[in-house]
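Dropping protein33.txt in here (compact mmCIF, C-alpha atoms):
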# COMPACT_ATOMS: atom_id res chain seq x y z
CA MET A 1 16.83 -12.95 6.01
CA GLU A 2 16.49 -16.61 7.09
CA LEU A 3 12.90 -16.30 8.36
CA LEU A 4 11.72 -15.03 4.98
CA LYS A 5 13.71 -17.58 3.00
CA ASN A 6 12.24 -20.40 5.07
CA ARG A 7 8.75 -19.05 4.46
CA ILE A 8 9.41 -18.90 0.71
CA ARG A 9 10.67 -22.52 0.84
CA THR A 10 7.57 -23.76 2.66
CA ASP A 11 4.79 -21.55 1.21
CA GLY A 12 6.10 -20.20 -2.10
CA LEU A 13 4.80 -21.80 -5.29
CA VAL A 14 7.17 -21.94 -8.27
CA LEU A 15 4.88 -21.56 -11.29
CA ASN A 16 7.51 -21.70 -14.01
CA ASP A 17 11.18 -20.80 -14.49
CA SER A 18 10.62 -17.12 -13.70
CA LEU A 19 7.41 -16.85 -11.64
CA LEU A 20 7.05 -17.37 -7.90
CA LYS A 21 3.65 -17.14 -6.19
CA VAL A 22 3.79 -15.89 -2.60
CA ASP A 23 0.18 -14.81 -2.26
CA SER A 24 -0.30 -16.70 1.00
CA PHE A 25 1.89 -14.25 2.97
CA LEU A 26 2.97 -11.28 0.80
CA ASN A 27 0.66 -10.41 -2.12
CA HIS A 28 -2.93 -11.23 -1.28
CA GLN A 29 -2.97 -12.74 2.19
CA LEU A 30 -0.48 -10.97 4.46
CA ASP A 31 1.30 -12.28 7.56
CA PRO A 32 1.48 -9.21 9.83
CA GLN A 33 4.13 -10.68 12.17
CA LEU A 34 6.43 -11.50 9.25
CA MET A 35 5.79 -8.03 7.77
CA PHE A 36 6.80 -6.44 11.08
CA LYS A 37 10.04 -8.43 11.23
CA MET A 38 10.84 -7.39 7.66
CA GLY A 39 10.20 -3.77 8.68
CA GLU A 40 12.67 -4.22 11.54
CA GLU A 41 15.24 -5.73 9.17
CA PHE A 42 14.96 -2.80 6.73
CA ALA A 43 15.32 -0.40 9.67
CA ARG A 44 18.47 -2.23 10.79
CA ARG A 45 20.05 -2.31 7.32
CA PHE A 46 19.37 1.37 6.60
CA SER A 47 19.96 2.64 10.15
CA GLY A 48 22.96 4.76 9.08
CA GLU A 49 21.12 6.50 6.25
CA ALA A 50 19.10 9.14 8.18
CA ILE A 51 15.91 8.21 6.30
CA THR A 52 13.17 10.88 6.53
CA ARG A 53 10.48 9.25 4.39
CA ILE A 54 9.57 5.92 2.78
CA LEU A 55 8.15 5.68 -0.74
CA THR A 56 6.41 2.58 -2.09
CA ILE A 57 3.81 1.74 -4.73
CA GLU A 58 0.29 0.41 -4.37
CA ALA A 59 -0.85 -2.20 -3.51
CA SER A 60 1.58 -4.96 -2.48
CA GLY A 61 4.32 -2.61 -1.26
CA ILE A 62 2.15 -0.91 1.34
CA ALA A 63 2.13 -3.57 4.09
CA VAL A 64 5.90 -3.95 4.39
CA ALA A 65 6.53 -0.22 3.89
CA ILE A 66 4.14 0.74 6.72
CA MET A 67 5.94 -1.68 9.07
CA ALA A 68 9.33 -0.20 8.16
CA GLY A 69 7.81 3.25 8.75
CA LEU A 70 6.48 2.13 12.14
CA VAL A 71 9.92 0.94 13.27
CA MET A 72 11.83 3.89 11.73
CA GLN A 73 9.18 6.42 12.82
CA VAL A 74 8.95 8.16 9.45
CA PRO A 75 5.94 8.80 7.17
CA VAL A 76 5.19 6.42 4.30
CA VAL A 77 3.96 7.58 0.88
CA PHE A 78 2.53 5.19 -1.67
CA ALA A 79 2.58 6.10 -5.35
CA ARG A 80 -0.72 5.52 -7.11
CA LYS A 81 -1.03 3.73 -10.44
CA LYS A 82 -3.25 5.24 -13.13
CA LYS A 83 -3.89 3.96 -16.63
CA SER A 84 -3.22 7.48 -17.78
CA ALA A 85 -2.75 10.29 -15.29
CA VAL A 86 -3.96 13.83 -15.80
CA THR A 87 -0.70 15.63 -15.21
CA THR A 88 -1.07 18.75 -13.12
CA ASP A 89 1.33 21.12 -11.43
CA ASP A 90 0.56 19.38 -8.12
CA LEU A 91 1.80 15.90 -9.09
CA TYR A 92 5.02 14.11 -9.86
CA CYS A 93 4.36 11.58 -12.58
CA THR A 94 6.36 8.99 -14.48
CA LYS A 95 5.64 6.01 -16.70
CA VAL A 96 6.35 2.45 -15.52
CA TYR A 97 6.27 -0.55 -17.83
CA SER A 98 5.21 -3.90 -16.34
CA PHE A 99 6.79 -6.90 -18.04
CA THR A 100 4.34 -9.19 -16.21
CA LYS A 101 1.25 -7.34 -17.40
CA LYS A 102 2.81 -6.10 -20.66
CA GLU A 103 1.39 -2.61 -20.16
CA SER A 104 2.49 0.84 -19.04
CA ASN A 105 1.00 2.68 -16.10
CA ASP A 106 1.54 6.22 -14.99
CA ILE A 107 2.51 6.42 -11.34
CA ILE A 108 1.83 9.61 -9.43
CA VAL A 109 2.82 11.22 -6.14
CA ASP A 110 1.41 14.47 -4.79
CA LYS A 111 4.19 17.08 -4.62
CA LYS A 112 3.19 17.90 -1.03
CA PHE A 113 4.56 14.55 0.14
CA LEU A 114 8.17 14.79 -1.05
CA ALA A 115 10.50 17.63 -0.07
CA ALA A 116 13.88 18.56 -1.55
CA ASN A 117 15.60 17.84 1.78
CA ASP A 118 14.12 14.34 2.11
CA ARG A 119 16.28 11.23 2.28
CA VAL A 120 13.95 8.63 0.83
CA LEU A 121 13.95 4.86 1.29
CA ILE A 122 12.19 3.16 -1.62
CA ILE A 123 10.52 -0.14 -0.66
CA ASP A 124 8.86 -2.70 -2.91
CA ASP A 125 7.84 -6.34 -2.67
CA PHE A 126 9.53 -7.71 -5.82
CA LEU A 127 12.54 -6.72 -7.91
CA ALA A 128 12.72 -8.31 -11.36
CA ASN A 129 13.35 -5.87 -14.22
CA GLY A 130 13.59 -2.85 -11.94
CA GLU A 131 11.04 -0.72 -13.77
CA ALA A 132 8.94 0.12 -10.68
CA ALA A 133 11.96 0.98 -8.52
CA LEU A 134 13.48 3.12 -11.29
CA GLY A 135 10.14 4.91 -11.67
CA LEU A 136 9.99 5.62 -7.94
CA ALA A 137 13.62 6.82 -7.98
CA ASN A 138 12.76 9.10 -10.89
CA ILE A 139 9.97 10.67 -8.84
CA VAL A 140 12.28 11.19 -5.85
CA GLN A 141 14.75 12.91 -8.17
CA GLN A 142 12.03 15.11 -9.69
CA ALA A 143 11.43 16.34 -6.14
CA GLY A 144 15.14 17.18 -5.78
CA ALA A 145 15.30 14.69 -2.89
CA ALA A 146 17.90 11.94 -2.31
CA VAL A 147 17.34 8.22 -2.81
CA ALA A 148 18.96 6.93 0.39
CA GLY A 149 18.41 3.31 -0.59
CA ILE A 150 16.14 0.71 -2.12
CA GLY A 151 14.73 -2.07 0.06
CA ILE A 152 13.27 -5.13 -1.67
CA VAL A 153 11.52 -8.14 -0.15
CA ILE A 154 12.25 -10.67 -2.92
CA GLU A 155 14.89 -10.08 -5.58
CA LYS A 156 15.00 -12.30 -8.66
CA SER A 157 18.75 -12.01 -9.09
CA PHE A 158 18.61 -13.81 -12.46
CA GLN A 159 16.71 -10.86 -13.93
CA PRO A 160 18.40 -7.51 -14.67
CA GLY A 161 16.71 -5.21 -12.10
CA ALA A 162 19.27 -5.35 -9.29
CA SER A 163 22.19 -4.79 -11.69
CA LYS A 164 20.41 -1.86 -13.33
CA LEU A 165 19.72 -0.19 -9.97
CA LYS A 166 23.28 -0.70 -8.74
CA ALA A 167 24.69 0.58 -12.06
CA ALA A 168 22.58 3.71 -11.53
CA GLY A 169 24.39 4.21 -8.20
CA PHE A 170 21.67 3.06 -5.79
CA ARG A 171 22.22 0.96 -2.69
CA VAL A 172 19.95 -2.09 -2.94
CA GLU A 173 19.12 -4.31 0.05
CA SER A 174 17.03 -7.40 -0.71
CA LEU A 175 15.76 -9.63 2.09
CA ALA A 176 15.74 -12.75 -0.11
CA ARG A 177 17.74 -13.13 -3.33
CA ILE A 178 16.73 -15.86 -5.72
CA ALA A 179 19.39 -17.28 -8.06
CA ALA A 180 17.10 -19.60 -10.01
CA PHE A 181 14.04 -21.78 -9.97
CA SER A 182 15.20 -25.24 -10.90
CA GLY A 183 12.98 -28.28 -10.89
CA GLY A 184 10.24 -26.39 -9.08
CA GLN A 185 12.66 -25.51 -6.25
CA VAL A 186 13.87 -22.08 -5.20
CA GLN A 187 17.66 -21.66 -5.25
CA PHE A 188 18.82 -18.70 -3.19
CA VAL A 189 21.97 -16.68 -3.88
CA PRO A 190 24.52 -17.85 -1.26
CA GLU A 191 25.11 -15.24 1.46
CA VAL A 192 28.71 -14.06 1.75
CA MET B 1 -11.16 7.90 18.91
CA GLU B 2 -9.97 11.37 20.03
CA LEU B 3 -6.48 11.07 18.48
CA LEU B 4 -7.97 10.44 15.03
CA LYS B 5 -10.62 13.15 15.36
CA ASN B 6 -7.96 15.68 16.33
CA ARG B 7 -5.88 14.66 13.32
CA ILE B 8 -8.90 15.08 11.04
CA ARG B 9 -9.52 18.54 12.55
CA THR B 10 -5.93 19.68 11.97
CA ASP B 11 -4.99 17.91 8.71
CA GLY B 12 -8.27 17.01 6.99
CA LEU B 13 -9.36 19.19 4.09
CA VAL B 14 -13.10 19.66 3.55
CA LEU B 15 -13.47 19.90 -0.24
CA ASN B 16 -17.26 20.32 -0.41
CA ASP B 17 -20.33 19.28 1.58
CA SER B 18 -19.61 15.57 1.18
CA LEU B 19 -15.89 15.18 0.46
CA LEU B 20 -13.05 15.10 3.00
CA LYS B 21 -9.42 14.83 1.90
CA VAL B 22 -7.19 13.00 4.37
CA ASP B 23 -4.37 12.12 2.00
CA SER B 24 -1.70 13.48 4.33
CA PHE B 25 -2.13 10.61 6.83
CA LEU B 26 -4.58 7.96 5.52
CA ASN B 27 -4.91 7.73 1.72
CA HIS B 28 -1.65 8.61 0.03
CA GLN B 29 0.82 9.55 2.75
CA LEU B 30 0.41 7.28 5.79
CA ASP B 31 1.25 7.97 9.43
CA PRO B 32 2.45 4.56 10.71
CA GLN B 33 2.19 5.49 14.43
CA LEU B 34 -1.42 6.61 13.99
CA MET B 35 -2.17 3.46 11.94
CA PHE B 36 -0.78 1.31 14.76
CA LYS B 37 -2.93 3.06 17.37
CA MET B 38 -5.99 2.54 15.16
CA GLY B 39 -5.06 -1.14 14.90
CA GLU B 40 -4.93 -1.31 18.70
CA GLU B 41 -8.32 0.38 18.95
CA PHE B 42 -9.94 -2.10 16.55
CA ALA B 43 -8.37 -4.96 18.53
CA ARG B 44 -9.83 -3.51 21.75
CA ARG B 45 -13.32 -3.00 20.32
CA PHE B 46 -13.53 -6.46 18.76
CA SER B 47 -11.65 -8.31 21.51
CA GLY B 48 -14.72 -10.41 22.42
CA GLU B 49 -15.37 -11.56 18.86
CA ALA B 50 -12.76 -14.35 18.49
CA ILE B 51 -11.61 -12.93 15.13
CA THR B 52 -9.61 -15.42 13.01
CA ARG B 53 -8.96 -13.32 9.91
CA ILE B 54 -9.17 -9.72 8.68
CA LEU B 55 -10.48 -8.83 5.22
CA THR B 56 -9.91 -5.45 3.57
CA ILE B 57 -9.71 -4.03 0.05
CA GLU B 58 -6.79 -2.55 -1.86
CA ALA B 59 -5.25 -0.06 -1.58
CA SER B 60 -6.16 2.34 1.23
CA GLY B 61 -7.49 -0.32 3.59
CA ILE B 62 -4.25 -2.29 3.72
CA ALA B 63 -2.22 -0.12 6.12
CA VAL B 64 -4.76 -0.01 8.94
CA ALA B 65 -5.80 -3.65 8.41
CA ILE B 66 -2.21 -4.90 8.70
CA MET B 67 -1.78 -3.00 11.98
CA ALA B 68 -4.98 -4.53 13.37
CA GLY B 69 -3.69 -7.92 12.23
CA LEU B 70 -0.35 -7.28 13.96
CA VAL B 71 -2.06 -6.50 17.28
CA MET B 72 -4.67 -9.27 16.98
CA GLN B 73 -2.15 -11.79 15.58
CA VAL B 74 -4.36 -12.95 12.71
CA PRO B 75 -3.71 -13.03 8.94
CA VAL B 76 -4.95 -10.19 6.74
CA VAL B 77 -6.42 -10.70 3.27
CA PHE B 78 -6.94 -7.85 0.85
CA ALA B 79 -9.51 -8.16 -1.93
CA ARG B 80 -8.22 -7.10 -5.33
CA LYS B 81 -10.12 -4.77 -7.66
CA LYS B 82 -10.38 -5.67 -11.33
CA LYS B 83 -12.18 -3.81 -14.09
CA SER B 84 -13.66 -7.13 -15.03
CA ALA B 85 -12.52 -10.33 -13.38
CA VAL B 86 -12.18 -13.65 -15.10
CA THR B 87 -14.31 -15.73 -12.76
CA THR B 88 -12.83 -19.12 -12.03
CA ASP B 89 -13.60 -21.88 -9.57
CA ASP B 90 -10.72 -20.66 -7.42
CA LEU B 91 -12.06 -17.16 -6.73
CA TYR B 92 -14.84 -15.49 -4.81
CA CYS B 93 -16.02 -12.52 -6.84
CA THR B 94 -18.61 -9.78 -6.45
CA LYS B 95 -19.39 -6.43 -8.06
CA VAL B 96 -18.89 -3.16 -6.15
CA TYR B 97 -20.20 0.17 -7.38
CA SER B 98 -18.23 3.29 -6.49
CA PHE B 99 -20.36 6.43 -6.17
CA THR B 100 -17.19 8.55 -6.12
CA LYS B 101 -15.82 7.12 -9.36
CA LYS B 102 -19.24 6.31 -10.87
CA GLU B 103 -18.06 2.88 -12.02
CA SER B 104 -18.31 -0.76 -11.03
CA ASN B 105 -15.36 -2.96 -10.21
CA ASP B 106 -15.23 -6.66 -9.60
CA ILE B 107 -13.50 -7.51 -6.36
CA ILE B 108 -11.93 -10.91 -5.95
CA VAL B 109 -10.53 -13.09 -3.16
CA ASP B 110 -8.79 -16.43 -3.64
CA LYS B 111 -10.88 -19.19 -2.07
CA LYS B 112 -7.78 -20.51 -0.29
CA PHE B 113 -7.81 -17.50 2.02
CA LEU B 114 -11.27 -17.76 3.55
CA ALA B 115 -12.51 -20.84 5.38
CA ALA B 116 -16.05 -21.74 6.44
CA ASN B 117 -15.03 -21.68 10.13
CA ASP B 118 -13.48 -18.19 9.91
CA ARG B 119 -14.78 -15.29 12.00
CA VAL B 120 -13.86 -12.35 9.79
CA LEU B 121 -13.34 -8.71 10.73
CA ILE B 122 -13.88 -6.46 7.70
CA ILE B 123 -11.80 -3.26 7.79
CA ASP B 124 -11.94 -0.27 5.47
CA ASP B 125 -10.80 3.35 5.54
CA PHE B 126 -14.08 5.08 4.62
CA LEU B 127 -17.77 4.26 4.97
CA ALA B 128 -20.12 6.36 2.86
CA ASN B 129 -22.67 4.37 0.84
CA GLY B 130 -21.48 1.03 2.16
CA GLU B 131 -20.97 -0.61 -1.23
CA ALA B 132 -17.41 -1.81 -0.54
CA ALA B 133 -18.23 -3.19 2.93
CA LEU B 134 -21.34 -4.95 1.60
CA GLY B 135 -19.26 -6.45 -1.21
CA LEU B 136 -16.68 -7.74 1.27
CA ALA B 137 -19.46 -9.14 3.50
CA ASN B 138 -20.93 -10.87 0.45
CA ILE B 139 -17.57 -12.57 -0.20
CA VAL B 140 -17.31 -13.71 3.43
CA GLN B 141 -20.80 -15.19 3.15
CA GLN B 142 -19.94 -16.93 -0.14
CA ALA B 143 -17.19 -18.68 1.83
CA GLY B 144 -19.73 -19.78 4.45
CA ALA B 145 -17.75 -17.82 7.05
CA ALA B 146 -19.11 -15.36 9.65
CA VAL B 147 -18.80 -11.58 9.51
CA ALA B 148 -17.77 -10.92 13.12
CA GLY B 149 -17.78 -7.15 12.63
CA ILE B 150 -16.98 -4.21 10.40
CA GLY B 151 -14.29 -1.72 11.46
CA ILE B 152 -14.21 1.65 9.73
CA VAL B 153 -11.71 4.48 10.12
CA ILE B 154 -13.95 7.37 9.01
CA GLU B 155 -17.72 7.03 8.78
CA LYS B 156 -19.73 9.70 7.00
CA SER B 157 -22.81 9.26 9.15
CA PHE B 158 -24.87 11.58 6.93
CA GLN B 159 -24.61 9.02 4.11
CA PRO B 160 -26.59 5.74 4.17
CA GLY B 161 -23.74 3.18 4.52
CA ALA B 162 -23.73 2.71 8.30
CA SER B 163 -27.53 2.35 8.45
CA LYS B 164 -27.52 -0.16 5.60
CA LEU B 165 -24.86 -2.31 7.28
CA LYS B 166 -26.61 -2.22 10.65
CA ALA B 167 -29.95 -3.04 8.99
CA ALA B 168 -28.24 -6.07 7.47
CA GLY B 169 -27.36 -7.20 10.99
CA PHE B 170 -23.67 -6.29 11.09
CA ARG B 171 -21.86 -4.76 14.05
CA VAL B 172 -20.16 -1.57 12.81
CA GLU B 173 -17.41 0.20 14.77
CA SER B 174 -16.19 3.47 13.31
CA LEU B 175 -13.22 5.32 14.84
CA ALA B 176 -14.50 8.75 13.73
CA ARG B 177 -18.12 9.49 12.81
CA ILE B 178 -18.81 12.63 10.84
CA ALA B 179 -22.26 14.23 11.17
CA ALA B 180 -21.74 16.98 8.60
CA PHE B 181 -19.32 19.32 6.91
CA SER B 182 -20.63 22.79 7.56
CA GLY B 183 -18.81 25.94 6.57
CA GLY B 184 -15.67 23.99 5.73
CA GLN B 185 -15.61 22.51 9.26
CA VAL B 186 -15.97 18.87 10.28
CA GLN B 187 -18.83 18.23 12.73
CA PHE B 188 -18.47 14.89 14.52
CA VAL B 189 -21.38 12.80 15.81
CA PRO B 190 -21.43 13.38 19.61
CA GLU B 191 -20.19 10.33 21.56
CA VAL B 192 -22.71 8.93 24.01

In structure tokens, what does this structure look like?
Amino acid sequence: MELLKNRIRTDGLVLNDSLLKVDSFLNHQLDPQLMFKMGEEFARRFSGEAITRILTIEASGIAVAIMAGLVMQVPVVFARKKKSAVTTDDLYCTKVYSFTKKESNDIIVDKKFLAANDRVLIIDDFLANGEAALGLANIVQQAGAAVAGIGIVIEKSFQPGASKLKAAGFRVESLARIAAFSGGQVQFVPEV
Amino acid sequence: MELLKNRIRTDGLVLNDSLLKVDSFLNHQLDPQLMFKMGEEFARRFSGEAITRILTIEASGIAVAIMAGLVMQVPVVFARKKKSAVTTDDLYCTKVYSFTKKESNDIIVDKKFLAANDRVLIIDDFLANGEAALGLANIVQQAGAAVAGIGIVIEKSFQPGASKLKAAGFRVESLARIAAFSGGQVQFVPEV
């Protein structure tokens, strides 16, 4: 998505050879117009998938997921992170390891908000090692529902997440795919 | 806002005499169409205030704030919660006590994302004791910016938050104002 890639070029800060800071429009300050256009783009890419619900994870996934839900006219559920969840019969729960924070969190979703006949679009802001997306997919599968696709804002294609998700059989659509950070510059994966 | 009040009547769950569960459309599962209409309503109510930025707090405030930002065409910043923040010269920080969770969190905003000439609309999902809104207002004031108003989705008018904010001189606009929960039913404050 050219609009997003241009924004990353102008406003993204390359911190080191694996970290990109995009807190001026995606993670801390949010650009609502850009978020809406990303929602439209996810709706376009997954238009053939008969999506019934969107699943994301707090907090940075919510803004783009709600825009996709607005365009696709489906409800959005965000998984909550807990240091350690009290597992009950009412909740789906799984463990997600964060390589950035070097800690595990439980993520939980109330069973009321996923049905076995749902076709779920998973949306998240970043894809690096794939742990969050795999955790969300695990929850969808616990519900007996189908993962209709995984929509990512920024994919770090030099890390193993995208390959892991594709190897697991999921369709992954990333709006910007980063091949490398070299010399403080972002190199995108060439579009075919 | 009649649409919201009707949704609270049909889908809200009164848990006890002070707790309302609205996780089917506001806190965990989100209804994007309703969120958009609430964004429009905030834009209408604050249209004379020359808002330049919206400030909310993760996670439940983000969805409605981003919709208000979309309609009003201004950036949205969400404050982050930390158990204990490392204060640096780059961050505004203040402490917020949660009566629900009976714990304090530091909330932080990067100084880059608030300017002294900003007119800030604070948005949050619930107003009960007013601690979160007062914390956000404190951060706006640390930046030397103006609090142009406070927009709340659900105000529990039987708790002291709204009075505290008004006593502090802030304009508060709440889309649904609850007078009491009696017999498991939601009683709204009559509109004048």

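For Ser174 in chain B, the list of residues within 10 Å, based on only C-alpha atoms and with local chain neighbours fewer than 2 positions off taken out, reads Met1, Phe42, Arg45, Ile123, Asp124, Asp125, Phe126, Leu127, Ile150, Gly151, Ile152, Val153, Ile154, Glu155, Lys156, Ser157, Ala162, Val172, Ala176, Arg177 and Ile178 of chain B.
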
Closest-contact table, chain A side, partner chain B, 7 Å, counting all atoms listed in the file, as a Markdown table:
| residue | atom | partner | partner_atom | distance |
| --- | --- | --- | --- | --- |
| A:His28 | CA | B:Phe78 | CA | 5.7 |
| A:Gln29 | CA | B:Val77 | CA | 4.2 |
| A:Leu30 | CA | B:Val76 | CA | 5.1 |
| A:Asp31 | CA | B:Pro75 | CA | 5.3 |
| A:Pro32 | CA | B:Leu70 | CA | 4.9 |
| A:Gln33 | CA | B:Leu70 | CA | 5.9 |
| A:Glu58 | CA | B:Ala59 | CA | 6.2 |
| A:Ala59 | CA | B:Ala59 | CA | 5.3 |
| A:Ile62 | CA | B:Ala63 | CA | 6.5 |
| A:Ala63 | CA | B:Ala63 | CA | 5.9 |
| A:Ile66 | CA | B:Pro32 | CA | 5.8 |
| A:Gly69 | CA | B:Pro32 | CA | 5.9 |
| A:Leu70 | CA | B:Pro32 | CA | 4.9 |
| A:Pro75 | CA | B:Asp31 | CA | 5.3 |
| A:Val76 | CA | B:Leu30 | CA | 5.1 |
| A:Val77 | CA | B:Gln29 | CA | 4.2 |
| A:Phe78 | CA | B:His28 | CA | 5.7 |
| A:Phe113 | CA | B:Gln29 | CA | 6.8 |

*Step by step: start from the point (-22.6, 4.6, 2.5) in the file's coordinates, keep every protein, DNA or RNA residue that has an atom no farther than 8 Å from it, count all atoms listed in the file, and write the set as a list of chain:residue names.*
B:Leu127, B:Ala128, B:Asn129, B:Gly130, B:Glu131, B:Lys156, B:Gln159, B:Pro160, B:Gly161, B:Ala162, B:Lys164

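Counting from CA of Val192 in chain A, the distance to CA of Leu4 in chain A is 17.3 Å.
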
_Using Å and a single decimal, report how far CA of Ser182 in chain A sits from CA of Ser18 in chain A._
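Value for the CA of Ser18 in chain A-CA of Ser182 in chain A distance: 9.7 Å.
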
*Can you list, as JSON, numbers by chain, every protein, DNA or RNA residue that comes within 12 Å of Glu2 in chain A when you count only C-alpha atoms, leaving out same-chain residues fewer than 6 positions away?*
{"A": [8, 9, 34, 37, 38, 41, 175, 176, 177, 188, 190, 191]}

_Using Å and a single decimal, report how far CA of Thr100 in chain B sits from CA of Phe181 in chain B._
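Interatomic distance here is 17.0 Å.
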
*asked:* Just want the 12 Å neighbourhood of Ala137 in chain A, counted on only C-alpha atoms, with same-chain residues fewer than 2 positions away dropped. Output as a PyMOL selection string.
replied: chain A and resi 54-57+79+92-96+107+109+114+119-124+130-135+139-150+165+168-171

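Here the question is which of A:Ile51, A:Leu3, A:Phe158, A:Phe99 gets nearest to Ala180 in chain A using all atoms listed in the file, and that residue is A:Phe158.
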